[in-house]
Each structure stands twice: as structure tokens, then as C-alpha cells.
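One file, structure17.txt, is given below (compact mmCIF, C-alpha atoms (C1' of nucleotides)).
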```
# COMPACT_ATOMS: atom_id res chain seq x y z
CA MET A 1 -15.58 -2.28 2.93
CA ARG A 2 -19.22 -1.76 2.12
CA GLU A 3 -20.84 -4.02 -0.43
CA ALA A 4 -19.74 -7.62 -0.24
CA LYS A 5 -22.32 -9.15 -2.50
CA ARG A 6 -21.59 -7.01 -5.48
CA LYS A 7 -17.89 -7.58 -5.29
CA ARG A 8 -18.40 -11.29 -5.04
CA LEU A 9 -20.44 -11.19 -8.20
CA THR A 10 -17.91 -9.00 -9.87
CA ALA A 11 -14.94 -11.06 -8.91
CA ARG A 12 -16.44 -14.32 -9.98
CA GLY A 13 -18.29 -14.97 -13.15
CA TRP A 14 -17.17 -11.90 -14.97
CA LYS A 15 -13.47 -12.29 -14.75
CA ILE A 16 -13.76 -13.70 -18.23
CA GLY A 17 -14.66 -11.10 -20.76
CA GLY A 18 -13.12 -7.87 -19.66
CA ALA A 19 -13.83 -7.51 -15.98
CA THR A 20 -16.17 -4.92 -14.61
CA GLU A 21 -18.62 -3.33 -16.91
CA PHE A 22 -22.22 -3.02 -16.07
CA LEU A 23 -22.40 -3.22 -12.33
CA GLY A 24 -22.32 0.21 -10.84
CA LEU A 25 -18.69 0.33 -9.86
CA SER A 26 -16.83 3.58 -9.58
CA PRO A 27 -13.63 3.81 -11.60
CA GLU A 28 -11.44 3.22 -8.60
CA GLU A 29 -13.48 0.25 -7.49
CA GLU A 30 -13.12 -1.18 -10.96
CA ALA A 31 -9.39 -0.65 -10.90
CA TYR A 32 -9.16 -2.22 -7.49
CA VAL A 33 -11.06 -5.33 -8.50
CA GLU A 34 -9.01 -5.66 -11.67
CA LEU A 35 -5.79 -5.34 -9.76
CA LYS A 36 -6.92 -7.96 -7.30
CA LEU A 37 -7.94 -10.39 -10.00
CA ARG A 38 -4.56 -10.05 -11.63
CA LEU A 39 -2.82 -10.87 -8.40
CA ALA A 40 -5.15 -13.81 -7.91
CA ASP A 41 -4.38 -15.05 -11.37
CA GLY A 42 -0.68 -14.49 -10.87
CA LEU A 43 -0.75 -16.50 -7.71
CA ARG A 44 -2.48 -19.44 -9.35
CA LYS A 45 -0.09 -19.35 -12.29
CA ARG A 46 2.90 -19.33 -10.02
CA ARG A 47 1.54 -22.17 -7.95
CA LEU A 48 0.83 -24.31 -10.99
CA LYS A 49 4.22 -23.58 -12.43
CA SER A 50 5.71 -24.90 -9.22
CA ARG A 51 3.41 -27.91 -9.38
CA LEU A 52 2.07 -27.36 -5.91
CA THR A 53 -1.38 -28.21 -4.65
CA GLN A 54 -3.39 -25.57 -2.83
CA GLN A 55 -2.74 -27.51 0.33
CA GLU A 56 1.01 -27.38 -0.19
CA LEU A 57 0.95 -23.70 -0.96
CA ALA A 58 -1.19 -23.13 2.10
CA THR A 59 1.37 -24.84 4.29
CA ALA A 60 4.18 -22.86 2.69
CA VAL A 61 2.51 -19.54 3.42
CA ARG A 62 1.12 -20.69 6.78
CA SER A 63 -2.48 -20.50 5.71
CA SER A 64 -5.14 -23.03 4.83
CA GLN A 65 -6.31 -24.70 1.65
CA SER A 66 -9.63 -22.96 1.79
CA ARG A 67 -8.04 -19.55 2.01
CA VAL A 68 -5.75 -20.29 -0.88
CA ALA A 69 -8.80 -21.25 -2.93
CA LYS A 70 -10.40 -17.94 -2.00
CA MET A 71 -7.24 -16.07 -2.88
CA GLU A 72 -7.11 -17.59 -6.31
CA ALA A 73 -10.79 -16.88 -6.82
CA GLY A 74 -10.36 -13.21 -5.95
CA ASP A 75 -12.88 -13.64 -3.16
CA PRO A 76 -13.88 -10.30 -1.60
CA THR A 77 -12.83 -11.48 1.82
CA VAL A 78 -9.25 -11.65 0.56
CA THR A 79 -7.21 -8.47 0.58
CA VAL A 80 -4.55 -7.32 -1.81
CA ASP A 81 -2.32 -7.46 1.21
CA LEU A 82 -2.68 -11.21 1.60
CA LEU A 83 -2.23 -11.84 -2.09
CA VAL A 84 0.94 -9.81 -2.18
CA ARG A 85 2.34 -11.49 0.90
CA SER A 86 1.60 -14.91 -0.54
CA LEU A 87 3.31 -14.10 -3.80
CA LEU A 88 6.35 -12.83 -1.96
CA ALA A 89 6.35 -15.91 0.23
CA LEU A 90 6.39 -17.98 -2.94
CA GLY A 91 9.58 -16.24 -3.92
CA ALA A 92 8.25 -13.57 -6.23
CA THR A 93 10.18 -10.33 -6.19
CA ARG A 94 8.74 -6.89 -5.76
CA ARG A 95 9.17 -6.29 -9.46
CA GLU A 96 7.44 -9.50 -10.38
CA VAL A 97 4.49 -8.39 -8.32
CA ALA A 98 4.52 -5.13 -10.23
CA ARG A 99 4.59 -6.97 -13.53
CA ILE A 100 1.67 -9.10 -12.47
CA ILE A 101 -0.30 -6.00 -11.60
CA SER A 102 0.34 -4.19 -14.85
CA SER A 103 0.22 -7.20 -17.12
CA GLY A 104 -1.95 -6.43 -20.10
CA ALA A 105 -3.20 -9.97 -20.42
CA LEU A 106 -5.99 -11.09 -18.15
CA PRO A 107 -9.20 -9.40 -19.31
CA ALA A 108 -8.92 -10.51 -22.92
CA ALA A 109 -10.15 -13.99 -22.04
CA MET B 1 0.59 -10.03 11.52
CA ARG B 2 2.99 -10.86 14.28
CA GLU B 3 5.64 -8.33 15.27
CA ALA B 4 4.52 -4.74 15.27
CA LYS B 5 7.46 -3.15 16.99
CA ARG B 6 10.08 -4.41 14.63
CA LYS B 7 8.22 -3.34 11.59
CA ARG B 8 7.68 0.07 13.02
CA LEU B 9 11.40 0.41 13.54
CA THR B 10 12.04 -0.90 10.09
CA ALA B 11 9.58 1.31 8.37
CA ARG B 12 10.71 4.46 10.07
CA GLY B 13 14.25 5.54 10.60
CA TRP B 14 15.81 3.18 8.13
CA LYS B 15 13.88 4.05 5.06
CA ILE B 16 16.89 6.17 4.22
CA GLY B 17 19.88 4.06 3.44
CA GLY B 18 18.64 0.98 1.66
CA ALA B 19 15.71 -0.29 3.67
CA THR B 20 15.95 -3.45 5.69
CA GLU B 21 19.30 -4.78 6.58
CA PHE B 22 20.22 -5.85 10.00
CA LEU B 23 16.97 -6.57 11.73
CA GLY B 24 16.13 -10.20 11.43
CA LEU B 25 13.70 -9.99 8.57
CA SER B 26 13.11 -12.89 6.26
CA PRO B 27 13.48 -12.14 2.56
CA GLU B 28 9.76 -11.97 2.00
CA GLU B 29 9.26 -9.71 4.97
CA GLU B 30 11.94 -7.45 3.58
CA ALA B 31 10.28 -7.39 0.20
CA TYR B 32 6.92 -6.68 1.78
CA VAL B 33 8.22 -3.74 3.80
CA GLU B 34 10.03 -2.34 0.78
CA LEU B 35 6.94 -2.62 -1.36
CA LYS B 36 4.89 -0.89 1.28
CA LEU B 37 7.38 1.94 1.65
CA ARG B 38 7.32 2.54 -2.06
CA LEU B 39 3.56 2.80 -2.07
CA ALA B 40 3.76 5.14 0.91
CA ASP B 41 6.26 7.29 -0.90
CA GLY B 42 4.23 7.21 -4.08
CA LEU B 43 1.17 8.34 -2.22
CA ARG B 44 2.97 11.28 -0.66
CA LYS B 45 4.48 12.30 -3.98
CA ARG B 46 1.12 12.18 -5.67
CA ARG B 47 -0.49 14.21 -2.91
CA LEU B 48 2.19 16.87 -3.02
CA LYS B 49 2.01 17.08 -6.77
CA SER B 50 -1.68 17.80 -6.41
CA ARG B 51 -0.91 20.36 -3.70
CA LEU B 52 -3.27 18.77 -1.25
CA THR B 53 -2.93 18.71 2.52
CA GLN B 54 -3.23 15.42 4.35
CA GLN B 55 -6.59 16.62 5.58
CA GLU B 56 -7.82 17.24 2.05
CA LEU B 57 -6.59 13.89 0.84
CA ALA B 58 -8.22 12.26 3.83
CA THR B 59 -11.55 13.79 2.92
CA ALA B 60 -11.15 12.73 -0.69
CA VAL B 61 -10.56 9.11 0.22
CA ARG B 62 -13.03 9.18 3.13
CA SER B 63 -10.43 8.70 5.79
CA SER B 64 -8.81 10.88 8.42
CA GLN B 65 -5.72 13.06 8.55
CA SER B 66 -4.09 10.80 11.08
CA ARG B 67 -4.50 7.74 8.93
CA VAL B 68 -3.11 9.53 5.91
CA ALA B 69 -0.08 10.45 7.99
CA LYS B 70 0.33 6.83 8.94
CA MET B 71 -0.06 5.73 5.36
CA GLU B 72 2.67 8.04 4.21
CA ALA B 73 4.89 6.89 7.05
CA GLY B 74 4.46 3.25 6.14
CA ASP B 75 3.10 2.58 9.59
CA PRO B 76 2.68 -1.13 10.33
CA THR B 77 -1.01 -0.65 11.07
CA VAL B 78 -1.53 0.38 7.46
CA THR B 79 -2.00 -2.35 4.87
CA VAL B 80 -0.92 -2.46 1.28
CA ASP B 81 -4.60 -2.72 0.59
CA LEU B 82 -5.35 0.71 1.99
CA LEU B 83 -2.38 2.29 0.24
CA VAL B 84 -3.46 0.86 -3.09
CA ARG B 85 -7.05 1.93 -2.64
CA SER B 86 -5.96 5.43 -1.73
CA LEU B 87 -3.75 5.73 -4.77
CA LEU B 88 -6.55 4.53 -7.00
CA ALA B 89 -8.95 6.95 -5.34
CA LEU B 90 -6.48 9.70 -6.18
CA GLY B 91 -6.83 8.76 -9.80
CA ALA B 92 -3.78 6.56 -10.24
CA THR B 93 -4.20 3.75 -12.73
CA ARG B 94 -3.40 0.13 -12.11
CA ARG B 95 -0.25 0.54 -14.15
CA GLU B 96 0.86 3.57 -12.23
CA VAL B 97 0.54 1.54 -9.06
CA ALA B 98 2.70 -1.13 -10.67
CA ARG B 99 5.28 1.47 -11.64
CA ILE B 100 5.36 2.81 -8.12
CA ILE B 101 5.97 -0.68 -6.77
CA SER B 102 8.80 -1.49 -9.11
CA SER B 103 10.36 1.96 -9.19
CA GLY B 104 14.08 1.61 -8.75
CA ALA B 105 14.43 4.84 -6.84
CA LEU B 106 13.55 4.85 -3.17
CA PRO B 107 16.22 2.94 -1.29
CA ALA B 108 19.20 4.79 -2.69
CA ALA B 109 18.48 7.86 -0.56
C1' DT C 1 -19.28 -48.39 -7.18
C1' DG C 2 -15.86 -46.87 -3.73
C1' DA C 3 -11.73 -44.67 -2.48
C1' DC C 4 -8.83 -41.00 -3.16
C1' DA C 5 -6.90 -36.38 -4.40
C1' DC C 6 -7.82 -31.75 -5.44
C1' DC C 7 -10.46 -27.60 -5.38
C1' DA C 8 -14.68 -24.68 -3.93
C1' DT C 9 -17.76 -22.67 -0.55
C1' DG C 10 -19.88 -21.49 4.02
C1' DT C 11 -19.16 -20.32 8.73
C1' DC C 12 -17.06 -18.57 12.89
C1' DA C 13 -13.90 -17.06 16.80
C1' DG C 14 -10.05 -14.53 17.31
C1' DA C 15 -6.77 -11.36 15.23
C1' DT C 16 -5.94 -7.23 12.73
C1' DC C 17 -7.14 -2.90 10.69
C1' DC C 18 -9.79 1.39 10.07
C1' DG C 19 -11.66 5.96 11.06
C1' DA C 20 -12.02 9.10 14.52
C1' DC C 21 -10.46 11.73 18.22
C1' DA C 22 -7.06 13.81 21.23
C1' DT C 23 -2.79 15.55 21.53
C1' DA C 24 1.99 16.61 20.26
C1' DT C 25 5.47 18.62 17.35
C1' DA C 26 7.18 21.79 13.72
C1' DC C 27 7.06 25.79 11.08
C1' DT C 28 4.95 30.22 9.63
C1' DG C 29 3.82 35.01 10.07
C1' DT C 30 2.75 38.71 13.33
C1' DA D 1 5.30 34.96 22.56
C1' DC D 2 0.99 33.82 20.29
C1' DA D 3 -2.11 32.12 16.75
C1' DG D 4 -2.67 29.43 12.74
C1' DT D 5 -1.61 25.66 9.66
C1' DA D 6 0.31 21.16 8.55
C1' DT D 7 1.94 16.85 10.03
C1' DA D 8 2.96 13.08 13.56
C1' DT D 9 1.71 9.87 17.21
C1' DG D 10 -1.17 7.27 20.64
C1' DT D 11 -5.45 5.13 21.64
C1' DC D 12 -9.89 2.86 21.11
C1' DG D 13 -14.58 0.89 19.55
C1' DG D 14 -16.31 -1.16 15.82
C1' DA D 15 -15.55 -3.14 11.27
C1' DT D 16 -13.09 -6.32 8.45
C1' DC D 17 -10.00 -10.14 7.58
C1' DT D 18 -7.75 -14.57 8.64
C1' DG D 19 -6.95 -19.43 9.57
C1' DA D 20 -9.31 -23.36 10.60
C1' DC D 21 -12.82 -26.53 10.13
C1' DA D 22 -16.70 -28.80 7.85
C1' DT D 23 -18.64 -29.97 3.78
C1' DG D 24 -19.73 -30.32 -1.17
C1' DG D 25 -18.32 -30.97 -5.87
C1' DT D 26 -15.47 -33.02 -9.66
C1' DG D 27 -12.25 -35.99 -11.82
C1' DT D 28 -9.56 -40.34 -11.80
C1' DC D 29 -8.37 -44.96 -11.07
C1' DA D 30 -9.33 -49.59 -9.98
```
For the structure just supplied, provide its representation as C-alpha cells.
Amino acid sequence: MREAKRKRLTARGWKIGGATEFLGLSPEEEAYVELKLRLADGLRKRRLKSRLTQQELATAVRSSQSRVAKMEAGDPTVTVDLLVRSLLALGATRREVARIISSGALPAA
Amino acid sequence: MREAKRKRLTARGWKIGGATEFLGLSPEEEAYVELKLRLADGLRKRRLKSRLTQQELATAVRSSQSRVAKMEAGDPTVTVDLLVRSLLALGATRREVARIISSGALPAA
DNA sequence: TGACACCATGTCAGATCCGACATATACTGT
DNA sequence: ACAGTATATGTCGGATCTGACATGGTGTCA
């Protein structure tokens, strides 16, 4: 969208500790970043549970290792779309995706 | 991604009746289309509840009437990303988005 | 130390998506 | 029938995203 730098900072570094506080993010931007980070986290968890490397996951979803790394990092160049598609490709159901999104866990650190 | 035509057919016309059956969609493609249609439906419901026109919603989320129409139709040129951002811009919370995704309602018709 | 496996980060060409516009269709009320 | 309002559909230039590649970093094992 507009500001890439800020989102990069937001996504990385502050995922631990409660997400998005003091950078000037509007409420919906905050919610969007949070949602994305949860998907990112969910993807990594699912991959590790399946004992796959990023390279193997990449092959499975027809992407590349570097993009998988970016997905799991919540990189701003990765969309919710791609995260969702990857989770589904890994066998997650629609409802599992929903659970990942609403999970009350992540920000606690 | 790849096939635009098929998804257009899938998204429209067969949303009533249980979603994606006889077109050759892989399970994850099916799940993706379903998820998208639920978000589309959720967006429309939320707009109508607020008694907004597509034009008004478009202005609110800094888009255009035509794109809002496409969003609500689950058009293949609309990403999950955009649907999610629009819902959040309308004031939906992350959890509401999750509920919309997992809602057991839509396909029954 | 070197070799190896895994993950992170930067870059880029090509693919995809977005907002905007034009236009079409549907439904009112007059 | 006409005007007005709301929604649907097609198209397009420019913006954004994606996969691929190169490269750097870290841990492990001999």
C-alpha cells in the first residue's frame, strides 16, 4: 500500500511484546498487521509440526524458500492472500485458518 | 494466479447450492474460494447493516464503487487481502473476521 | 577449519491486483 | 417513458506482489 518501511519495522522486532503500540498506526492498520502476524506464526507452527524445511514447504506450495521465509516473518511484501493460500495448501481447513486468526495467544510473548 | 475464467464461474452462479462441486478444483482451491465468498458475504452484510451504499463504502475505504461491487461478488480479481482490509476499515475486529471465515452458514443456501 | 543444512535478506522481471472510468442493468417514483 | 439511484461488468495504466536467484548468517558435525 503506502508505507513499506514502517510496516517492516512493525512486523519485525515488535512481534514480541504485544504488537503495534507506539508507531502511528490507525486501528485498522494495527488489526491488519496483527492478523497477518498470526497467520505467519500459524504457518511456521504448522510447518514445524510437519517437520518440513522451508525449502520443502516452498516446493509443496510451488514457491521458493526465500518467500516462505518472508511469509513466516510477516514481511510487508507478503499478503494475507498468500499466507492463507499456503496454509490451505498445507492442508489446513477454512476453520483452522479462522482459529489461527482469532487465537488469543501470540501477543503475550 | 492461473485460471481466471473458472474461478469467475465458480464464484458467481454457484455460490448458491454448496459452493464448488463439479469444476475441477483441488481441495485447497475449493477452500480458498469458499473462504473468499464468506468474506464477500460478510462485507455485504456489514455494509447493509450500516445502511451504506457501495459508493459510500467505497469512499470510506478509499476505493471505488466498482471495486466494492466486485468485492461483494467474490470476483477473482479481488484478493482476500482487500476483503480483509475493507472489513477492518469498516470497524470489524480480527475476531469478527475469523467468525466470518468460519461461519457455518453460507453454502446451505 | 571446512563442509553442509537451514533460515534470512536484498533485488528484480514478470505477473497480478487496484482504483478509476465508462457503461450497462435493475428498480423506483413520477 | 423519463429521470434518478443503486449495483454490475469491462477495461486499462500504474502500483504492488510473486517466484527466483544471489548472498549472508548461524549452527552442527567431523
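Nearest-residue note for chain B: choosing from A:Leu87, A:Val80, A:Leu48, A:Ala92, the minimum distance belongs to A:Val80, counting all atoms listed in the file.
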In Å to one decimal, how far is atom C1' of DT9 of chain D from atom C1' of DC18 of chain C?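 Going from atom C1' of DC18 of chain C over to atom C1' of DT9 of chain D, I get 16.0 Å.
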Minimum-distance residue to chain B, chosen among A:Lys45, A:Arg51, A:Arg67, A:Arg85 (using all atoms listed in the file):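 Of A:Lys45, A:Arg51, A:Arg67, A:Arg85, the one nearest chain B, counting all atoms listed in the file, is A:Arg85.
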Could you give me, as JSON lines, every chain B residue with an atom at most 12 Å from chain D, plus its closest atom pair and distance in Å to one decimal, counting only C-alpha atoms (C1' of nucleotides), rows ordered by chain then number?
```
{"residue": "B:Met1", "atom": "CA", "partner": "D:DT18", "partner_atom": "C1'", "distance": 9.9}
{"residue": "B:Leu52", "atom": "CA", "partner": "D:DA6", "partner_atom": "C1'", "distance": 10.7}
{"residue": "B:Thr53", "atom": "CA", "partner": "D:DA6", "partner_atom": "C1'", "distance": 7.3}
{"residue": "B:Gln54", "atom": "CA", "partner": "D:DT7", "partner_atom": "C1'", "distance": 7.8}
{"residue": "B:Gln55", "atom": "CA", "partner": "D:DA6", "partner_atom": "C1'", "distance": 8.8}
{"residue": "B:Glu56", "atom": "CA", "partner": "D:DA6", "partner_atom": "C1'", "distance": 11.1}
{"residue": "B:Gln65", "atom": "CA", "partner": "D:DT7", "partner_atom": "C1'", "distance": 8.7}
{"residue": "B:Ser66", "atom": "CA", "partner": "D:DA8", "partner_atom": "C1'", "distance": 7.8}
{"residue": "B:Arg67", "atom": "CA", "partner": "D:DA8", "partner_atom": "C1'", "distance": 10.3}
{"residue": "B:Val68", "atom": "CA", "partner": "D:DT7", "partner_atom": "C1'", "distance": 9.8}
{"residue": "B:Ala69", "atom": "CA", "partner": "D:DA8", "partner_atom": "C1'", "distance": 6.9}
{"residue": "B:Lys70", "atom": "CA", "partner": "D:DA8", "partner_atom": "C1'", "distance": 8.2}
{"residue": "B:Met71", "atom": "CA", "partner": "D:DA8", "partner_atom": "C1'", "distance": 11.4}
{"residue": "B:Glu72", "atom": "CA", "partner": "D:DT7", "partner_atom": "C1'", "distance": 10.6}
{"residue": "B:Ala73", "atom": "CA", "partner": "D:DA8", "partner_atom": "C1'", "distance": 9.2}
{"residue": "B:Asp75", "atom": "CA", "partner": "D:DT9", "partner_atom": "C1'", "distance": 10.6}
{"residue": "B:Thr79", "atom": "CA", "partner": "D:DC17", "partner_atom": "C1'", "distance": 11.5}
{"residue": "B:Asp81", "atom": "CA", "partner": "D:DC17", "partner_atom": "C1'", "distance": 11.5}
```
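Proximity of C:DT9, C:DT16, C:DT1, C:DT30 to chain A, computed with all atoms listed in the file, is greatest for C:DT9.
For the choices A:Leu88, A:Leu43, A:Val33, A:Ala60, the atom-to-atom distance to chain B is smallest for A:Leu88 when using all atoms listed in the file.
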Residue hits in chain B, query chain C, radius 7 Å, only C-alpha atoms (C1' of nucleotides), as JSON, numbers by chain: {"B": [63, 64, 77]}
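Atom CA of Arg38 of chain A is found 10.9 Å from atom CA of Val84 of chain A.
The shortest atom-to-atom distance to chain A, with only C-alpha atoms taken into account, belongs to B:Glu28 out of B:Leu90, B:Ser50, B:Pro76, B:Glu28.
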Just give me the gap between atom CA of Ile100 of chain A and atom CA of Leu25 of chain A in Å, one decimal is fine.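 So the answer is 22.6 Å.
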